[in-house]
Amino acid sequence: MHADPLYTARKDFSAGVVWKKIRGVDTLVVNNGADGPVDIAHPVLVGRVSDDRPWLEPHGSFNPKYDPEKAIKQAKLAITVVSPIGDPDFEVDFTPSINSLINVQKAIATSNMHQHLLISIGEGTGIRLNFPIWEKKTEQNKDGGAERFTKSYAVNDECEPWFTTMKEKHYIKQFPLYDSKDDLIQDISVLEDKLVGALVEVTFSLKHYYITSKTDKPNDTFTAIIENITILKPPPTVSHGPYRSLLSPKKKPARRIQTPLGISTRGKQINAAKSFIPVPQPIFTPKGTAINPSGSASSTASSSSSHTLDDSQQEGDENDDEGRQQSPKRPRLV
């Protein structure tokens, strides 16, 4: 991966790209020199797809309840990529990638507010990437395959009228998601299942907009547009246990032993329960022993009660010893 000059984790990544206006929009391009050709840069990063706002349903970001006439034109799919913590190959590359993108932003920004590319979420710093759904139909991009894909593209009933209107003059673009064998994943309905939690390689382009208004402070907005995504490692599988293995089981599934962290033996469980809710100890009064008016028994009864408590403690200790002997045979917590 480091052999690619546009891999964002490389130390010299920032030196290999510059900003240039293309059709009025600041666009990141390859640094080919002042007289060289203009090649739109396609940086590459590797990370894990977060579960923070994955807009991966067919309607993407579109919500007909909020200014639908404007929102339908801006509909897009989107993901947030975060550090692949625990990955032996790519975790160390994520922070350098973040630093490279910070440097790229600083190279053109004129305000202190840099928005929509690097975002702070619970998992740390994430990289927000978008994929616009629509492409306007022109004489140059007439395509029978694109036409068929657009007509067959289905969304929920609430969004369907708006999508039907847009389809008259626009194609819906195929989301460029590829599996580890570089085969296109064409089923739009499985994007979230395939992507969230997966280790991915993302190729993208980057644009910059300087935003000013009478009410808000000026800010620099950066938009990363997905060019393609390759799944390097699929999301981890989630075990739901025996209770969801059958829709209507005839017999109750066998219970799986699940020992909480920190309580590893039966003896410790008993002692923990007793310390949380002490078991009331019966007051045993031997025959012939009187109880004084204050409610306390004689020394004989106190001795017997104390003896009963000692037995209880001894029982817990024995259970603890028994648990320690059996603990290697217990199944590990899954």
# chains A, B, ... in the order shown; residues from 1 in each chain; ligands from 1
>>> residues_around(residues="Ile211 of chain A", least_positions_apart="2", cutoff="7 Å", atoms="only C-alpha atoms", output="number ranges by chain")
A: 209, 213, 218-221
>>> closest_atom_pairs(of="segment 165-241 of chain A", to="segment 115-131 of chain A", cutoff="10 Å", atoms="only C-alpha atoms", output="tab-separated table")
residue	atom	partner	partner_atom	distance
A:Lys173	CA	A:Phe131	CA	9.0
A:Gln174	CA	A:Phe131	CA	9.8
A:Phe175	CA	A:Phe131	CA	7.5
A:Pro176	CA	A:Phe131	CA	9.1
A:Val202	CA	A:Leu129	CA	9.0
A:Thr203	CA	A:Leu129	CA	10.0
A:Phe204	CA	A:Leu129	CA	7.9
A:Ser205	CA	A:Leu129	CA	9.5
A:Leu206	CA	A:Leu117	CA	9.2
A:His208	CA	A:Gln115	CA	9.9
A:Tyr209	CA	A:Gln115	CA	9.9
A:Asn219	CA	A:Gln115	CA	7.2
A:Asp220	CA	A:Gln115	CA	6.2
A:Thr221	CA	A:Gln115	CA	4.8
A:Phe222	CA	A:Leu117	CA	5.6
A:Thr223	CA	A:Leu117	CA	6.2
A:Ala224	CA	A:Leu129	CA	5.0
A:Ile225	CA	A:Asn130	CA	5.0
A:Ile226	CA	A:Phe131	CA	5.4
A:Glu227	CA	A:Phe131	CA	8.0
A:Asn228	CA	A:Phe131	CA	9.5
>>> write_last_selection(atoms="C-alpha atoms", output="PDB file, in the first residue's frame")
ATOM      1  CA  LYS A 173     -25.304   5.722 -10.042  1.00  0.00           C
ATOM      2  CA  GLN A 174     -24.193   2.259  -9.001  1.00  0.00           C
ATOM      3  CA  PHE A 175     -22.458   2.359  -5.631  1.00  0.00           C
ATOM      4  CA  PRO A 176     -18.868   1.228  -6.357  1.00  0.00           C
ATOM      5  CA  VAL A 202     -11.375   3.685   0.044  1.00  0.00           C
ATOM      6  CA  THR A 203     -10.352   5.673  -3.018  1.00  0.00           C
ATOM      7  CA  PHE A 204     -11.874   9.155  -3.083  1.00  0.00           C
ATOM      8  CA  SER A 205     -11.632  12.648  -4.536  1.00  0.00           C
ATOM      9  CA  LEU A 206     -11.700  15.850  -2.514  1.00  0.00           C
ATOM     10  CA  HIS A 208     -13.312  22.489  -1.114  1.00  0.00           C
ATOM     11  CA  TYR A 209     -15.942  25.201  -0.726  1.00  0.00           C
ATOM     12  CA  ASN A 219     -16.202  28.241   7.191  1.00  0.00           C
ATOM     13  CA  ASP A 220     -14.254  25.940   4.910  1.00  0.00           C
ATOM     14  CA  THR A 221     -16.248  22.896   3.854  1.00  0.00           C
ATOM     15  CA  PHE A 222     -14.535  19.806   2.460  1.00  0.00           C
ATOM     16  CA  THR A 223     -16.349  17.064   0.586  1.00  0.00           C
ATOM     17  CA  ALA A 224     -14.770  13.646   0.079  1.00  0.00           C
ATOM     18  CA  ILE A 225     -16.470  11.787  -2.779  1.00  0.00           C
ATOM     19  CA  ILE A 226     -16.167   8.008  -2.894  1.00  0.00           C
ATOM     20  CA  GLU A 227     -14.683   6.684  -6.141  1.00  0.00           C
ATOM     21  CA  ASN A 228     -14.588   3.037  -5.047  1.00  0.00           C
TER      22      ASN A 228
END
>>> atom_distance(atom1="atom CA of Ser180 of chain A", atom2="atom CA of Ser83 of chain A")
19.6 Å
>>> closest_residue(among="A:Thr212, A:Ile185, A:Lys76, A:Ile85", to="Trp55 of chain A", atoms="only C-alpha atoms")
A:Lys76
>>> atom_distance(atom1="atom CA of Pro54 of chain A", atom2="atom CA of Glu192 of chain A")
7.3 Å
>>> select_by_dssp(residues="segment 53-97 of chain A", states="strand (DSSP E)", output="VMD selection string")
chain A and resid 76 to 82
